[in-house]
Every structure is written in C-alpha cells, then in structure tokens.
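Each remark here refers to the structure printed beneath this line.
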Amino acid sequence: MTVIYIIAPLLLFAVIFYYTTYMPPAQKDWERLPTLDEYLAKNPTAKHGEKISCSKCGHTEQLDTGLIRITDYRRKLMCTKCKKILWREEEK
C-alpha cells in the first residue's frame with residue numbers, strides 16, 4: 001500500500017511534466033504547418049526580393065513566436081496584421 005503512495009505522485013508528476021513540456025496536441029498542429037520552402041512553393045507570389053508576404057493580406061511583417069513558450073525551439077511565424085500562421089521553423 002505504501003508503494004502506491006510513492007509511485008502515484010511520481011507518475012502524476014511525470015505525466016504533468018510531459019504534457020506541459022511537449023504538448024503532444026500542439027506538436028501535431030505544428031507539424032501540419034508548412035516549412036518556409038513549402039510555404040513559398042505553395043504561394044510563389046509571396047516572395048518579394050528579401051521580404052516574404054502573407055498569402056492572405058499581403059503584409060510583409062511576421063511575428064516569430066514559440067510553440068508553447070517564448071523559448072521553445074519549435075517556432076511558428078505569423079502575419080502581424082491578420083494573425084494568420086504562415087509557416088513553421090525549428091531552431092537547432
């Protein structure tokens with residue numbers, strides 16, 4: 001019986017740590033986003049020299065955010081005007 005009192009909190013902590021760190025549903029959504037190359041292939045008119053525009057509104061400024069938190073290595077870039085998520089990146 002005492003083993004349950006020791007293992008149960010550890011197991012609960014492990015599950016909470018896994019979901020708050022990796023967020024499997026968010027990871028799946030992030031993996032569905034196109035990479036920059038895929039985004040440009042799908043939207044050939046989005047590249048204007050060095051700038052890349054939003055496929056929805058044409059705005060050329062993007063906001064780089066982390067998937068779960070600001071320091072997350074999984075990044076998503078979105079249009080600063082219409083807030084459409086454009087593509088994903090992974091920092092190494």
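Ligands are numbered from 1 in the order shown, chains are lettered A, B, ... in the order of the structure tokens, and residues start at 1 in each chain.
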Running DSSP on the backbone, which parts of chain A land in alpha helix (DSSP H), as a ChimeraX atom specification? /A:2-22,24-32,36-42
As a ChimeraX atom specification, list the residues of chain A assigned to strand (DSSP E or B) by DSSP on the backbone atoms of this structure. /A:35,47-48,51-52,62-66,74-79,85-90
Residues within 12 Å of range 15-25 of chain A, only C-alpha atoms, excluding chain neighbours under 2 positions, as a PDB file with all heavy atoms, in the first residue's frame:
```pdb
ATOM      1  N   ALA A   8       2.387   6.712  -7.201  1.00  0.00           N
ATOM      2  CA  ALA A   8       1.303   7.514  -7.773  1.00  0.00           C
ATOM      3  C   ALA A   8       1.690   8.986  -7.953  1.00  0.00           C
ATOM      4  O   ALA A   8       1.510   9.538  -9.045  1.00  0.00           O
ATOM      5  CB  ALA A   8       0.039   7.373  -6.947  1.00  0.00           C
ATOM      6  N   PRO A   9       2.252   9.659  -6.941  1.00  0.00           N
ATOM      7  CA  PRO A   9       2.650  11.051  -7.157  1.00  0.00           C
ATOM      8  C   PRO A   9       3.764  11.201  -8.192  1.00  0.00           C
ATOM      9  O   PRO A   9       3.768  12.153  -8.971  1.00  0.00           O
ATOM     10  CB  PRO A   9       3.136  11.516  -5.783  1.00  0.00           C
ATOM     11  CG  PRO A   9       2.516  10.577  -4.822  1.00  0.00           C
ATOM     12  CD  PRO A   9       2.375   9.278  -5.538  1.00  0.00           C
ATOM     13  N   LEU A  10       4.689  10.241  -8.231  1.00  0.00           N
ATOM     14  CA  LEU A  10       5.759  10.303  -9.226  1.00  0.00           C
ATOM     15  C   LEU A  10       5.211  10.141 -10.641  1.00  0.00           C
ATOM     16  O   LEU A  10       5.620  10.839 -11.566  1.00  0.00           O
ATOM     17  CB  LEU A  10       6.815   9.239  -8.943  1.00  0.00           C
ATOM     18  CG  LEU A  10       7.662   9.458  -7.689  1.00  0.00           C
ATOM     19  CD1 LEU A  10       8.574   8.259  -7.468  1.00  0.00           C
ATOM     20  CD2 LEU A  10       8.453  10.734  -7.783  1.00  0.00           C
ATOM     21  N   LEU A  11       4.282   9.225 -10.790  1.00  0.00           N
ATOM     22  CA  LEU A  11       3.656   9.014 -12.089  1.00  0.00           C
ATOM     23  C   LEU A  11       2.854  10.241 -12.502  1.00  0.00           C
ATOM     24  O   LEU A  11       2.921  10.679 -13.661  1.00  0.00           O
ATOM     25  CB  LEU A  11       2.763   7.777 -12.045  1.00  0.00           C
ATOM     26  CG  LEU A  11       2.112   7.361 -13.352  1.00  0.00           C
ATOM     27  CD1 LEU A  11       3.174   7.073 -14.411  1.00  0.00           C
ATOM     28  CD2 LEU A  11       1.237   6.146 -13.143  1.00  0.00           C
ATOM     29  N   LEU A  12       2.123  10.813 -11.594  1.00  0.00           N
ATOM     30  CA  LEU A  12       1.356  12.022 -11.872  1.00  0.00           C
ATOM     31  C   LEU A  12       2.289  13.166 -12.270  1.00  0.00           C
ATOM     32  O   LEU A  12       2.025  13.894 -13.226  1.00  0.00           O
ATOM     33  CB  LEU A  12       0.516  12.410 -10.654  1.00  0.00           C
ATOM     34  CG  LEU A  12      -0.351  13.649 -10.806  1.00  0.00           C
ATOM     35  CD1 LEU A  12      -1.376  13.445 -11.910  1.00  0.00           C
ATOM     36  CD2 LEU A  12      -1.024  13.977  -9.492  1.00  0.00           C
ATOM     37  N   PHE A  13       3.372  13.331 -11.544  1.00  0.00           N
ATOM     38  CA  PHE A  13       4.348  14.362 -11.882  1.00  0.00           C
ATOM     39  C   PHE A  13       4.925  14.141 -13.285  1.00  0.00           C
ATOM     40  O   PHE A  13       5.074  15.085 -14.053  1.00  0.00           O
ATOM     41  CB  PHE A  13       5.484  14.387 -10.850  1.00  0.00           C
ATOM     42  CG  PHE A  13       6.581  15.335 -11.220  1.00  0.00           C
ATOM     43  CD1 PHE A  13       6.411  16.699 -11.055  1.00  0.00           C
ATOM     44  CD2 PHE A  13       7.772  14.865 -11.762  1.00  0.00           C
ATOM     45  CE1 PHE A  13       7.420  17.586 -11.412  1.00  0.00           C
ATOM     46  CE2 PHE A  13       8.781  15.729 -12.118  1.00  0.00           C
ATOM     47  CZ  PHE A  13       8.603  17.105 -11.942  1.00  0.00           C
ATOM     48  N   GLN A  27       2.108  19.881 -30.723  1.00  0.00           N
ATOM     49  CA  GLN A  27       3.158  19.367 -31.605  1.00  0.00           C
ATOM     50  C   GLN A  27       2.562  18.879 -32.924  1.00  0.00           C
ATOM     51  O   GLN A  27       3.093  19.151 -33.991  1.00  0.00           O
ATOM     52  CB  GLN A  27       3.919  18.233 -30.911  1.00  0.00           C
ATOM     53  CG  GLN A  27       4.956  17.541 -31.763  1.00  0.00           C
ATOM     54  CD  GLN A  27       6.168  18.398 -32.066  1.00  0.00           C
ATOM     55  OE1 GLN A  27       6.504  19.316 -31.330  1.00  0.00           O
ATOM     56  NE2 GLN A  27       6.822  18.099 -33.159  1.00  0.00           N
ATOM     57  N   LYS A  28       1.433  18.166 -32.851  1.00  0.00           N
ATOM     58  CA  LYS A  28       0.784  17.680 -34.073  1.00  0.00           C
ATOM     59  C   LYS A  28       0.316  18.839 -34.938  1.00  0.00           C
ATOM     60  O   LYS A  28       0.474  18.815 -36.166  1.00  0.00           O
ATOM     61  CB  LYS A  28      -0.390  16.769 -33.731  1.00  0.00           C
ATOM     62  CG  LYS A  28       0.032  15.419 -33.224  1.00  0.00           C
ATOM     63  CD  LYS A  28      -1.165  14.554 -32.909  1.00  0.00           C
ATOM     64  CE  LYS A  28      -0.714  13.236 -32.316  1.00  0.00           C
ATOM     65  NZ  LYS A  28      -1.839  12.383 -31.952  1.00  0.00           N
ATOM     66  N   ASP A  29      -0.259  19.874 -34.331  1.00  0.00           N
ATOM     67  CA  ASP A  29      -0.691  21.048 -35.084  1.00  0.00           C
ATOM     68  C   ASP A  29       0.504  21.745 -35.729  1.00  0.00           C
ATOM     69  O   ASP A  29       0.429  22.203 -36.863  1.00  0.00           O
ATOM     70  CB  ASP A  29      -1.439  22.032 -34.183  1.00  0.00           C
ATOM     71  CG  ASP A  29      -2.801  21.524 -33.764  1.00  0.00           C
ATOM     72  OD1 ASP A  29      -3.320  20.595 -34.424  1.00  0.00           O
ATOM     73  OD2 ASP A  29      -3.348  22.055 -32.786  1.00  0.00           O
ATOM     74  N   TRP A  30       1.600  21.843 -34.997  1.00  0.00           N
ATOM     75  CA  TRP A  30       2.807  22.490 -35.514  1.00  0.00           C
ATOM     76  C   TRP A  30       3.369  21.709 -36.702  1.00  0.00           C
ATOM     77  O   TRP A  30       3.798  22.301 -37.687  1.00  0.00           O
ATOM     78  CB  TRP A  30       3.845  22.588 -34.392  1.00  0.00           C
ATOM     79  CG  TRP A  30       5.122  23.241 -34.794  1.00  0.00           C
ATOM     80  CD1 TRP A  30       5.345  24.581 -34.932  1.00  0.00           C
ATOM     81  CD2 TRP A  30       6.356  22.590 -35.099  1.00  0.00           C
ATOM     82  NE1 TRP A  30       6.643  24.796 -35.301  1.00  0.00           N
ATOM     83  CE2 TRP A  30       7.289  23.588 -35.415  1.00  0.00           C
ATOM     84  CE3 TRP A  30       6.752  21.264 -35.136  1.00  0.00           C
ATOM     85  CZ2 TRP A  30       8.591  23.299 -35.758  1.00  0.00           C
ATOM     86  CZ3 TRP A  30       8.052  20.980 -35.479  1.00  0.00           C
ATOM     87  CH2 TRP A  30       8.957  21.990 -35.791  1.00  0.00           C
ATOM     88  N   GLU A  31       3.353  20.374 -36.614  1.00  0.00           N
ATOM     89  CA  GLU A  31       3.872  19.545 -37.705  1.00  0.00           C
ATOM     90  C   GLU A  31       3.025  19.663 -38.967  1.00  0.00           C
ATOM     91  O   GLU A  31       3.515  19.422 -40.065  1.00  0.00           O
ATOM     92  CB  GLU A  31       3.956  18.091 -37.262  1.00  0.00           C
ATOM     93  CG  GLU A  31       5.070  17.845 -36.260  1.00  0.00           C
ATOM     94  CD  GLU A  31       5.045  16.465 -35.645  1.00  0.00           C
ATOM     95  OE1 GLU A  31       4.062  15.717 -35.864  1.00  0.00           O
ATOM     96  OE2 GLU A  31       6.006  16.135 -34.929  1.00  0.00           O
ATOM     97  N   ARG A  32       1.764  20.039 -38.832  1.00  0.00           N
ATOM     98  CA  ARG A  32       0.903  20.232 -40.002  1.00  0.00           C
ATOM     99  C   ARG A  32       1.200  21.534 -40.738  1.00  0.00           C
ATOM    100  O   ARG A  32       0.827  21.685 -41.900  1.00  0.00           O
ATOM    101  CB  ARG A  32      -0.570  20.220 -39.580  1.00  0.00           C
ATOM    102  CG  ARG A  32      -1.064  18.852 -39.235  1.00  0.00           C
ATOM    103  CD  ARG A  32      -2.572  18.862 -38.986  1.00  0.00           C
ATOM    104  NE  ARG A  32      -2.954  17.676 -38.261  1.00  0.00           N
ATOM    105  CZ  ARG A  32      -3.428  17.655 -37.020  1.00  0.00           C
ATOM    106  NH1 ARG A  32      -3.623  18.771 -36.359  1.00  0.00           N
ATOM    107  NH2 ARG A  32      -3.734  16.526 -36.438  1.00  0.00           N
ATOM    108  N   LEU A  67       6.234  27.773 -29.905  1.00  0.00           N
ATOM    109  CA  LEU A  67       5.019  26.964 -29.921  1.00  0.00           C
ATOM    110  C   LEU A  67       4.332  26.951 -28.560  1.00  0.00           C
ATOM    111  O   LEU A  67       3.140  27.209 -28.454  1.00  0.00           O
ATOM    112  CB  LEU A  67       5.342  25.534 -30.364  1.00  0.00           C
ATOM    113  CG  LEU A  67       4.162  24.583 -30.435  1.00  0.00           C
ATOM    114  CD1 LEU A  67       3.163  25.043 -31.467  1.00  0.00           C
ATOM    115  CD2 LEU A  67       4.629  23.165 -30.750  1.00  0.00           C
ATOM    116  N   ILE A  68       5.056  26.650 -27.495  1.00  0.00           N
ATOM    117  CA  ILE A  68       4.475  26.566 -26.152  1.00  0.00           C
ATOM    118  C   ILE A  68       4.839  27.793 -25.317  1.00  0.00           C
ATOM    119  O   ILE A  68       4.011  28.353 -24.635  1.00  0.00           O
ATOM    120  CB  ILE A  68       4.958  25.292 -25.424  1.00  0.00           C
ATOM    121  CG1 ILE A  68       4.662  24.055 -26.256  1.00  0.00           C
ATOM    122  CG2 ILE A  68       4.349  25.184 -24.035  1.00  0.00           C
ATOM    123  CD1 ILE A  68       3.202  23.824 -26.552  1.00  0.00           C
ATOM    124  N   ARG A  69       6.084  28.196 -25.378  1.00  0.00           N
ATOM    125  CA  ARG A  69       6.557  29.353 -24.626  1.00  0.00           C
ATOM    126  C   ARG A  69       7.572  30.098 -25.483  1.00  0.00           C
ATOM    127  O   ARG A  69       8.004  29.599 -26.504  1.00  0.00           O
ATOM    128  CB  ARG A  69       7.147  28.924 -23.278  1.00  0.00           C
ATOM    129  CG  ARG A  69       8.315  27.989 -23.398  1.00  0.00           C
ATOM    130  CD  ARG A  69       8.657  27.350 -22.053  1.00  0.00           C
ATOM    131  NE  ARG A  69       9.222  26.042 -22.220  1.00  0.00           N
ATOM    132  CZ  ARG A  69       8.556  24.932 -22.487  1.00  0.00           C
ATOM    133  NH1 ARG A  69       7.274  24.963 -22.619  1.00  0.00           N
ATOM    134  NH2 ARG A  69       9.177  23.780 -22.627  1.00  0.00           N
ATOM    135  N   THR A  71      10.679  30.603 -25.309  1.00  0.00           N
ATOM    136  CA  THR A  71      11.985  29.986 -25.530  1.00  0.00           C
ATOM    137  C   THR A  71      11.912  28.647 -26.264  1.00  0.00           C
ATOM    138  O   THR A  71      12.921  27.975 -26.400  1.00  0.00           O
ATOM    139  CB  THR A  71      12.701  29.780 -24.184  1.00  0.00           C
ATOM    140  OG1 THR A  71      11.877  28.963 -23.349  1.00  0.00           O
ATOM    141  CG2 THR A  71      12.985  31.097 -23.507  1.00  0.00           C
ATOM    142  N   ASP A  72      10.741  28.251 -26.707  1.00  0.00           N
ATOM    143  CA  ASP A  72      10.560  26.959 -27.377  1.00  0.00           C
ATOM    144  C   ASP A  72      11.360  26.934 -28.684  1.00  0.00           C
ATOM    145  O   ASP A  72      11.395  27.919 -29.426  1.00  0.00           O
ATOM    146  CB  ASP A  72       9.079  26.737 -27.678  1.00  0.00           C
ATOM    147  CG  ASP A  72       8.728  25.280 -27.898  1.00  0.00           C
ATOM    148  OD1 ASP A  72       9.581  24.539 -28.417  1.00  0.00           O
ATOM    149  OD2 ASP A  72       7.607  24.880 -27.556  1.00  0.00           O
ATOM    150  N   TYR A  73      12.009  25.820 -28.982  1.00  0.00           N
ATOM    151  CA  TYR A  73      12.782  25.689 -30.218  1.00  0.00           C
ATOM    152  C   TYR A  73      11.880  25.496 -31.430  1.00  0.00           C
ATOM    153  O   TYR A  73      12.296  25.694 -32.569  1.00  0.00           O
ATOM    154  CB  TYR A  73      13.783  24.527 -30.114  1.00  0.00           C
ATOM    155  CG  TYR A  73      13.134  23.164 -30.070  1.00  0.00           C
ATOM    156  CD1 TYR A  73      12.949  22.427 -31.230  1.00  0.00           C
ATOM    157  CD2 TYR A  73      12.679  22.623 -28.871  1.00  0.00           C
ATOM    158  CE1 TYR A  73      12.341  21.177 -31.199  1.00  0.00           C
ATOM    159  CE2 TYR A  73      12.081  21.387 -28.829  1.00  0.00           C
ATOM    160  CZ  TYR A  73      11.910  20.665 -29.986  1.00  0.00           C
ATOM    161  OH  TYR A  73      11.309  19.440 -29.961  1.00  0.00           O
ATOM    162  N   ARG A  74      10.626  25.120 -31.205  1.00  0.00           N
ATOM    163  CA  ARG A  74       9.656  24.983 -32.289  1.00  0.00           C
ATOM    164  C   ARG A  74       9.004  26.347 -32.482  1.00  0.00           C
ATOM    165  O   ARG A  74       8.307  26.841 -31.614  1.00  0.00           O
ATOM    166  CB  ARG A  74       8.614  23.925 -31.951  1.00  0.00           C
ATOM    167  CG  ARG A  74       9.219  22.557 -31.719  1.00  0.00           C
ATOM    168  CD  ARG A  74       8.275  21.650 -30.998  1.00  0.00           C
ATOM    169  NE  ARG A  74       8.028  22.154 -29.639  1.00  0.00           N
ATOM    170  CZ  ARG A  74       7.277  21.547 -28.747  1.00  0.00           C
ATOM    171  NH1 ARG A  74       6.665  20.431 -29.049  1.00  0.00           N
ATOM    172  NH2 ARG A  74       7.112  22.051 -27.545  1.00  0.00           N
TER     173      ARG A  74
END
```
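Here CA of Gln62 in chain A and CA of Ala46 in chain A stand 12.5 Å from one another.
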Hey, what's within 8 Å of range 79-82 of chain A if we count only C-alpha atoms and toss same-chain stuff fewer than 2 positions away? As an mmCIF file with N, CA, C and O atoms, in the first residue's frame, please?
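Output saved as part_1.cif:
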```
data_model
loop_
_atom_site.group_PDB
_atom_site.id
_atom_site.type_symbol
_atom_site.label_atom_id
_atom_site.label_comp_id
_atom_site.auth_asym_id
_atom_site.auth_seq_id
_atom_site.Cartn_x
_atom_site.Cartn_y
_atom_site.Cartn_z
ATOM 1 N N CYS A 54 2.373 37.845 -46.548
ATOM 2 C CA CYS A 54 1.278 36.974 -46.106
ATOM 3 C C CYS A 54 0.428 36.599 -47.319
ATOM 4 O O CYS A 54 0.127 37.444 -48.164
ATOM 5 N N LYS A 56 -2.619 35.810 -47.221
ATOM 6 C CA LYS A 56 -3.997 36.256 -47.001
ATOM 7 C C LYS A 56 -4.158 37.760 -47.245
ATOM 8 O O LYS A 56 -5.027 38.175 -47.987
ATOM 9 N N CYS A 57 -3.277 38.565 -46.614
ATOM 10 C CA CYS A 57 -3.456 40.021 -46.705
ATOM 11 C C CYS A 57 -2.318 40.742 -47.429
ATOM 12 O O CYS A 57 -2.434 41.926 -47.727
ATOM 13 N N HIS A 59 0.659 41.499 -46.243
ATOM 14 C CA HIS A 59 1.544 42.230 -45.327
ATOM 15 C C HIS A 59 2.906 41.531 -45.270
ATOM 16 O O HIS A 59 2.992 40.314 -45.357
ATOM 17 N N THR A 60 3.990 42.301 -45.108
ATOM 18 C CA THR A 60 5.333 41.713 -45.176
ATOM 19 C C THR A 60 6.038 41.587 -43.828
ATOM 20 O O THR A 60 7.206 41.231 -43.790
ATOM 21 N N GLU A 61 5.363 41.852 -42.727
ATOM 22 C CA GLU A 61 5.993 41.694 -41.411
ATOM 23 C C GLU A 61 5.445 40.450 -40.730
ATOM 24 O O GLU A 61 4.250 40.212 -40.731
ATOM 25 N N GLN A 62 6.352 39.661 -40.141
ATOM 26 C CA GLN A 62 5.963 38.447 -39.439
ATOM 27 C C GLN A 62 6.381 38.520 -37.977
ATOM 28 O O GLN A 62 7.361 39.159 -37.639
ATOM 29 N N LEU A 63 5.625 37.822 -37.159
ATOM 30 C CA LEU A 63 5.920 37.689 -35.736
ATOM 31 C C LEU A 63 6.398 36.264 -35.495
ATOM 32 O O LEU A 63 5.723 35.311 -35.868
ATOM 33 N N LEU A 77 5.676 31.273 -37.446
ATOM 34 C CA LEU A 77 5.699 32.655 -37.892
ATOM 35 C C LEU A 77 4.317 33.043 -38.374
ATOM 36 O O LEU A 77 3.704 32.317 -39.156
ATOM 37 N N LYS A 84 -2.584 35.430 -39.315
ATOM 38 C CA LYS A 84 -2.585 34.106 -39.945
ATOM 39 C C LYS A 84 -1.227 33.453 -39.723
ATOM 40 O O LYS A 84 -0.189 34.069 -39.914
ATOM 41 N N ILE A 85 -1.220 32.196 -39.291
ATOM 42 C CA ILE A 85 0.040 31.471 -39.116
ATOM 43 C C ILE A 85 0.518 31.047 -40.495
ATOM 44 O O ILE A 85 -0.199 30.376 -41.238
ATOM 45 N N LEU A 86 1.741 31.440 -40.848
ATOM 46 C CA LEU A 86 2.245 31.255 -42.200
ATOM 47 C C LEU A 86 3.078 29.989 -42.352
ATOM 48 O O LEU A 86 2.815 29.177 -43.229
#
```
Between A:Ile4, A:Lys42, A:Leu36, A:Ile52, which has the minimum distance to Trp87 in chain A (counting only C-alpha atoms)? A:Leu36
For Lys76 in chain A, work out the shell of residues within 6 Å, counting only C-alpha atoms and skipping chain neighbours fewer than 3 positions away, then give it as a VMD selection string. chain A and resid 64 to 65 87 to 88
To one decimal place, how far is CA of Asn43 in chain A from CA of Glu89 in chain A in Å? 17.1 Å
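Distance-wise, CA of Thr45 in chain A and CA of Gly66 in chain A end up 26.4 Å apart.
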